[in-house]
Amino acid sequence: KKNKVIISGYYGFGNIGDEAILTSIVDTIRNERANTEFVVLSSDPNFTSRDLNVRSINRLNVAAILFEMTTASLFISGGGGLMQDVTGPISVSYYGGLLKLAQMFNVPTMVYAQGVGPLSKSFNKNLVKKIFSKVDAITVREIFSRDDLISMGVPQNKIQVTADPALLLDSITKDQVRNILTEADIDLSIPIIGIAIRPWHAWYERQLKAFTSVVYQLAKKYGMQIVLIPFQLSSDLWLSREAEICFKIRPDSEVPVTVLERALSPKEMMGVIGATHLIIGMRLHALIMAAAQNVPSVGIAYDPKVKHFSNLAGFPFIESVTDLQNVENVLMTLESVVSNIQDKRTEMTNNIPKLRELSKQNVNT
């Protein structure tokens with residue numbers, strides 16, 4: 001008999017980070033248990049089932065979800081920052097409610113490598129405590145999530161600290177990467193600074209101009225090119241284009257600048273990130289993919305999760321988007337990496353395998 005696993009998360013919205021988590025969860029479980037049948041709750045079920053060769057149903061179709069619950073062997077509340085009330089006020093109620101439903105149907109439940117928080121409303125903290133205390137297994141992607149859960153009253157012995165599933169994601173081949181970059185008119189003989197930024201309320205013209213001027217100086221000094229890499233086209237593309245304009249209107253604009261505008265799969269994105277020499281990332285999964293492939297990086301910590309992962313991977317980071325206006329500090333941080341790329345890579349060879357091992361614990365749990 002096939003084991004049926006239902007997976008819930010922020011899927012089908014075109015966010016590469018979340019799609020990478022899903023792809024990795026499905027791949028890792030498939031490698032361990034070939035006879036697993038997956039049902040993924042998605043905002044775009046056609047895309048999800050085609051992309052991953054799984055069954056997928058609409059994440060808001062309650063009747064279909066209830067029907068699948070009746071024969072499920074496991075319900076996974078998939079990785080990522082689902083339990084937070086910063087970007088979506090109903091996130092906690094939605095993802096928590098699905099766990100509660102599974103519990104009512106006596107389906108074993110697992111919270112899979114989540115990052116918990118920030119949670120500001122006590123109603124949400126309470127909800128997480130109630131539901132997580134009855135979950136069968138909980139893995140979280142860093143120690144801060146564990147501490148948050150313990151402070152909310154979730155039993156400590158339930159929680160295991162692992163690492164993000166996307167650290168184990170496979171990449172496409174080097175030839176395929178070459179094709180993607182060549183198609184975008186990127187000259188492969190020039191080292192690449194990859195930039196993954198996202199919209200945030202603290203991006204003002206001052207920050208964008210300061211940031212682009214520093215990165216530009218750096219690229220010029222070290223003979224590098226700049227490639228802007230949107231991780232969620234629907235939201236990141238316009239900001240990447242704004243940055244591109246700032247780079248190109250410089251009086252001495254001789255540094256090649258490209259926006260990678262095509263939609264990429266997580267494995268393609270993994271390959272593209274692996275082809276860069278340096279990643280500057282607001283997007284958490286740009287940093288995670290860079291870490292998985294030994295690409296030195298600098299984080300922009302718009303959210304605590306970026307700071308937490310940067311610390312784990314040994315990446316320096318800019319404290320916030322607002323801090324991008326401190327030009328000297330940003331230049332110093334970036335230059336400390338660019339001028340020692342080889343040393344940074346060597347440091348990473350010591351750090352990252354431990355994180356990958358931790359990531360493997362998710363599927364064993």
# chains A, B, ... in the order shown; residues from 1 in each chain; ligands from 1

$ select_by_dssp --residues "stretch 154-266 of chain A" --states "helix (DSSP H, G or I)" --output "VMD selection string"
chain A and resid 156 to 158 165 to 168 174 to 183 205 to 222 233 to 248 266

$ residues_around --residues "A:Phe144" --least-positions-apart "2" --cutoff "12 Å" --atoms "only C-alpha atoms" --output "PyMOL selection string"
chain A and resi 114-118+140-142+146-151+159-163+304-305+307-309+311-312

$ closest_residue --among "A:Phe132, A:Phe123, A:Phe13, A:Phe38" --to "A:Leu99" --atoms "only C-alpha atoms"
A:Phe132

$ closest_residue --among "A:Val177, A:Val255, A:Ile195, A:Val306" --to "A:Gly223" --atoms "only C-alpha atoms"
A:Val255

$ closest_residue --among "A:Gly97, A:Pro45, A:Pro108, A:Pro89" --to "A:Ser120" --atoms "only C-alpha atoms"
A:Pro89

$ closest_residue --among "A:Lys158, A:Lys125, A:Lys267, A:Arg50" --to "A:Asp27" --atoms "only C-alpha atoms"
A:Lys267

$ select_by_dssp --residues "stretch 207-352 of chain A" --states "strand (DSSP E)" --output "PyMOL selection string"
chain A and resi 225-228+257-259+278-281+297-300+317-318

$ residues_around --residues "A:Tyr302" --least-positions-apart "6" --cutoff "8 Å" --atoms "only C-alpha atoms" --output "ChimeraX atom specification"
/A:200,282,319-321

$ write_last_selection --atoms "C-alpha atoms" --output "mmCIF file, in the first residue's frame"
data_model
loop_
_atom_site.group_PDB
_atom_site.id
_atom_site.type_symbol
_atom_site.label_atom_id
_atom_site.label_comp_id
_atom_site.auth_asym_id
_atom_site.auth_seq_id
_atom_site.Cartn_x
_atom_site.Cartn_y
_atom_site.Cartn_z
ATOM 1 C CA TRP A 200 10.399 46.105 1.715
ATOM 2 C CA MET A 282 17.881 39.806 1.068
ATOM 3 C CA GLU A 319 21.847 44.834 9.834
ATOM 4 C CA SER A 320 18.812 46.214 7.937
ATOM 5 C CA VAL A 321 17.674 47.813 4.685
#

$ atom_distance --atom1 "atom CA of A:Met270" --atom2 "atom CA of A:Thr173"
10.1 Å

$ residues_around --residues "A:Asp323" --least-positions-apart "3" --cutoff "10 Å" --atoms "only C-alpha atoms" --output "ChimeraX atom specification"
/A:202,207,210-211,300-302,318-320,326-327,329-330

$ write_last_selection --atoms "N, CA, C and O atoms" --output "tab-separated table (two decimals), in the first residue's frame"
chain	number	residue	atom	x	y	z
A	202	ALA	N	11.29	49.64	3.94
A	202	ALA	CA	12.41	50.55	4.24
A	202	ALA	C	13.27	50.89	3.01
A	202	ALA	O	14.27	51.58	3.13
A	207	GLN	N	18.37	54.63	0.05
A	207	GLN	CA	18.97	53.31	0.24
A	207	GLN	C	19.38	52.68	-1.10
A	207	GLN	O	20.46	52.14	-1.24
A	210	ALA	N	22.39	54.51	-2.60
A	210	ALA	CA	23.63	54.23	-1.86
A	210	ALA	C	24.10	52.80	-2.14
A	210	ALA	O	25.27	52.56	-2.45
A	211	PHE	N	23.15	51.86	-2.08
A	211	PHE	CA	23.47	50.45	-2.29
A	211	PHE	C	24.06	50.23	-3.68
A	211	PHE	O	25.12	49.62	-3.84
A	300	ILE	N	21.40	40.78	3.64
A	300	ILE	CA	20.78	42.05	4.04
A	300	ILE	C	19.61	41.66	4.94
A	300	ILE	O	18.60	41.13	4.48
A	301	ALA	N	19.77	41.89	6.25
A	301	ALA	CA	18.87	41.29	7.24
A	301	ALA	C	17.59	42.11	7.45
A	301	ALA	O	17.43	42.78	8.47
A	302	TYR	N	16.68	42.03	6.49
A	302	TYR	CA	15.40	42.74	6.64
A	302	TYR	C	14.50	42.01	7.65
A	302	TYR	O	13.55	42.56	8.16
A	318	ILE	N	24.46	42.96	6.47
A	318	ILE	CA	24.09	44.34	6.77
A	318	ILE	C	22.87	44.24	7.68
A	318	ILE	O	21.94	43.49	7.38
A	319	GLU	N	22.86	45.01	8.78
A	319	GLU	CA	21.85	44.83	9.83
A	319	GLU	C	20.40	45.06	9.38
A	319	GLU	O	19.48	44.50	9.96
A	320	SER	N	20.18	45.94	8.37
A	320	SER	CA	18.81	46.21	7.94
A	320	SER	C	18.86	46.93	6.60
A	320	SER	O	19.93	47.36	6.16
A	326	ASN	N	24.51	53.60	5.04
A	326	ASN	CA	25.85	53.79	5.62
A	326	ASN	C	26.90	53.25	4.66
A	326	ASN	O	27.40	52.14	4.81
A	327	VAL	N	27.22	54.07	3.67
A	327	VAL	CA	28.01	53.62	2.53
A	327	VAL	C	29.35	53.00	2.93
A	327	VAL	O	29.73	51.94	2.45
A	329	ASN	N	30.30	51.56	5.69
A	329	ASN	CA	30.14	50.27	6.34
A	329	ASN	C	29.78	49.17	5.33
A	329	ASN	O	30.32	48.07	5.36
A	330	VAL	N	28.87	49.50	4.41
A	330	VAL	CA	28.46	48.51	3.39
A	330	VAL	C	29.66	48.15	2.51
A	330	VAL	O	29.91	46.96	2.24

$ closest_residue --among "A:Thr258, A:Gln325, A:Thr346, A:Ser359" --to "A:Gln225" --atoms "only C-alpha atoms"
A:Thr258

$ residues_around --residues "A:Ile131" --least-positions-apart "4" --cutoff "10 Å" --atoms "only C-alpha atoms" --output "PyMOL selection string"
chain A and resi 96-100+103+126-127+135+154

$ residues_around --residues "A:Asp51" --least-positions-apart "6" --cutoff "12 Å" --atoms "only C-alpha atoms" --output "VMD selection string"
chain A and resid 11 to 12 14 19 to 20 22 to 23 26 40 42 44 to 45 264 to 267

$ closest_residue --among "A:Gly79, A:Gly299, A:Gly9, A:Pro353" --to "A:Ile280" --atoms "only C-alpha atoms"
A:Gly299

$ residues_around --residues "A:Gly153" --least-positions-apart "6" --cutoff "9 Å" --atoms "only C-alpha atoms" --output "ChimeraX atom specification"
/A:126,129-130,133

$ atom_distance --atom1 "atom CA of A:Ser24" --atom2 "atom CA of A:Leu287"
16.1 Å

$ atom_distance --atom1 "atom CA of A:Ile172" --atom2 "atom CA of A:Asn15"
18.4 Å
